[in-house]
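*Asks:* First, the structure itself, so that you have it in front of you.
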Amino acid sequence: MARNVEVKARARDLEAVRERVDQLSNGPGTLLEQEDVFFRVPKGRLKLRLQDAGRGQLIFYERPDCPGPKQCTYWLAGTDDPEGLRKVLSHAMDVVGTVRKHRTLYMVGQSRVHLDEVEGLGCFVEIEVVLREDQSSEQGVAAARELMRSLGIREDDLVEGAYLDLLHARRGEPSEALRSRGN
């Protein structure tokens with residue numbers, strides 16, 4: 001199990017944020033093409049992330065759906081056969097949706113900053129402050145808020161939930177059935 005504190009926000013000006021994060025990061029950003037396939041589960045969220053070069057990750061996570069910094073607990077398992085795993089999981093469980101995105105990943109200290117261009121939604125910034133074992137959630141929230149200030153993210157830019165929820169809302173589809181409470 002791993003923990004982080006996450007923030008998701010709409011990017012009013014992605015290039016301005018990119019300039020700021022370029023100055024703060026420990027190196028250039030890494031471009032990633034990702035497709036996340038979400039499955040119906042009784043609690044939390046389960047997604048299979050398909051990435052470049054035939055790699056993938058199965059990710060289970062739990063976090064509150066609220067705007068602003070919040071703690072997320074997650075478990076990861078890598079795979080070199082994500083398409084095969086997708087077929088197996090799709091036969092065993094309901095697929096509740098897919099999110100495709102172009103992501104640029106930056107490292108800023110102990111934080112991952114993602115600049116996301118999400119198909120059907122637009123541009124977003126995600127901050128993930130990766131918590132060390134000895135760090136409290138409150139310390140992670142403070143670090144996330146400091147990065148928000150540095151990147152020019154305002155409170156009214158913050159969004160709640162997952163990209164999948166936003167896609168379902170955009171289509172007028174209910175998302176309550178997609179997740180359990182508190183995730």
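In the structure tokens, chains take letters A, B, ... by order of appearance, with residues numbered from 1 within each chain and ligands from 1 in the order shown.
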Using DSSP assignments from the backbone, pull out every residue in segment 62-163 of chain A that falls under alpha helix (DSSP H) and give it to me as a ChimeraX atom specification.

*Replies:* /A:82-92,137-151,163

*Asks:* Can you check which parts of segment 139-169 of chain A lie within 9 Å of segment 99-111 of chain A? Per residue, the shortest pair of atoms and distance in Å to one decimal, counting only C-alpha atoms, sorted by chain and number, as a tab-separated table.

*Replies:*
residue	atom	partner	partner_atom	distance
A:Ala143	CA	A:Ser111	CA	8.6
A:Ala144	CA	A:Ser111	CA	8.3
A:Leu147	CA	A:Val108	CA	8.8
A:Tyr163	CA	A:Val99	CA	6.9
A:Leu164	CA	A:Val99	CA	6.3
A:Leu167	CA	A:Val99	CA	8.2

*Asks:* For the selection just defined, write its residues with N, CA and C atoms to a file, as a PDB file, in the first residue's frame.

*Replies:*
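Everything below was put into selection-v3.pdb:
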ATOM      1  N   ALA A 143       2.186  20.607   1.484  1.00  0.00           N
ATOM      2  CA  ALA A 143       3.051  20.578   0.304  1.00  0.00           C
ATOM      3  C   ALA A 143       2.234  20.767  -0.978  1.00  0.00           C
ATOM      4  N   ALA A 144       1.060  20.136  -1.040  1.00  0.00           N
ATOM      5  CA  ALA A 144       0.194  20.283  -2.219  1.00  0.00           C
ATOM      6  C   ALA A 144      -0.275  21.727  -2.371  1.00  0.00           C
ATOM      7  N   LEU A 147       2.519  23.845  -3.775  1.00  0.00           N
ATOM      8  CA  LEU A 147       2.659  23.642  -5.222  1.00  0.00           C
ATOM      9  C   LEU A 147       1.521  24.300  -5.988  1.00  0.00           C
ATOM     10  N   TYR A 163     -11.529  11.580 -13.696  1.00  0.00           N
ATOM     11  CA  TYR A 163     -11.855  12.016 -15.053  1.00  0.00           C
ATOM     12  C   TYR A 163     -13.071  11.251 -15.573  1.00  0.00           C
ATOM     13  N   LEU A 164     -13.192   9.997 -15.201  1.00  0.00           N
ATOM     14  CA  LEU A 164     -14.339   9.202 -15.643  1.00  0.00           C
ATOM     15  C   LEU A 164     -15.651   9.836 -15.190  1.00  0.00           C
ATOM     16  N   LEU A 167     -16.363  12.786 -17.417  1.00  0.00           N
ATOM     17  CA  LEU A 167     -16.837  12.359 -18.732  1.00  0.00           C
ATOM     18  C   LEU A 167     -18.300  11.930 -18.678  1.00  0.00           C
TER      19      LEU A 167
END

*Asks:* Work out how far apart atom CA of Glu128 of chain A and atom CA of Arg154 of chain A are and give it in Å to one decimal.

*Replies:*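 A separation of 16.5 Å between them.
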
*Asks:* Hey, what's within 9 Å of segment 64-72 of chain A if we count only C-alpha atoms and toss same-chain stuff fewer than 5 positions away? As a PyMOL selection string, please?

*Replies:* chain A and resi 2-9+127+137+140-142+144-145+155+158-162+181-183

*Asks:* Those residues you just picked out, can you put them in a file as a PDB file, in the first residue's frame with C-alpha atoms?

*Replies:*
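As a result, selection_38.pdb now contains:
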ATOM      1  CA  ALA A   2       1.173   3.503  -0.819  1.00  0.00           C
ATOM      2  CA  ARG A   3      -0.262   6.917   0.061  1.00  0.00           C
ATOM      3  CA  ASN A   4      -0.242  10.320  -1.526  1.00  0.00           C
ATOM      4  CA  VAL A   5      -2.115  13.598  -1.308  1.00  0.00           C
ATOM      5  CA  GLU A   6      -3.778  14.510  -4.595  1.00  0.00           C
ATOM      6  CA  VAL A   7      -5.145  17.643  -6.210  1.00  0.00           C
ATOM      7  CA  LYS A   8      -6.925  17.824  -9.567  1.00  0.00           C
ATOM      8  CA  ALA A   9      -7.649  21.156 -11.256  1.00  0.00           C
ATOM      9  CA  ILE A 127      -0.498  17.067  -8.191  1.00  0.00           C
ATOM     10  CA  SER A 137      -1.520  13.576   5.521  1.00  0.00           C
ATOM     11  CA  GLY A 140       1.167  16.318   2.301  1.00  0.00           C
ATOM     12  CA  VAL A 141      -1.741  18.765   2.158  1.00  0.00           C
ATOM     13  CA  ALA A 142       0.619  21.635   3.049  1.00  0.00           C
ATOM     14  CA  ALA A 144       0.194  20.283  -2.219  1.00  0.00           C
ATOM     15  CA  ARG A 145      -1.121  23.745  -1.339  1.00  0.00           C
ATOM     16  CA  GLU A 155      -9.502  27.164  -5.487  1.00  0.00           C
ATOM     17  CA  LEU A 158     -10.293  22.498  -8.385  1.00  0.00           C
ATOM     18  CA  VAL A 159     -12.434  19.541  -9.431  1.00  0.00           C
ATOM     19  CA  GLU A 160     -13.655  16.503  -7.531  1.00  0.00           C
ATOM     20  CA  GLY A 161     -13.814  12.878  -8.567  1.00  0.00           C
ATOM     21  CA  ALA A 162     -12.054  11.080 -11.382  1.00  0.00           C
ATOM     22  CA  ARG A 181     -19.108   6.244  -1.194  1.00  0.00           C
ATOM     23  CA  GLY A 182     -15.875   7.794  -0.024  1.00  0.00           C
ATOM     24  CA  ASN A 183     -13.821   7.055  -3.100  1.00  0.00           C
TER      25      ASN A 183
END

*Asks:* Compare A:Asp81, A:Glu146, A:Glu33, A:Asp165 by their minimum atom-to-atom distance to Gly54 of chain A, counting only C-alpha atoms, and give me the closest one.

*Replies:*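 Once distances to Gly54 of chain A are computed over only C-alpha atoms, the minimum belongs to A:Asp81.
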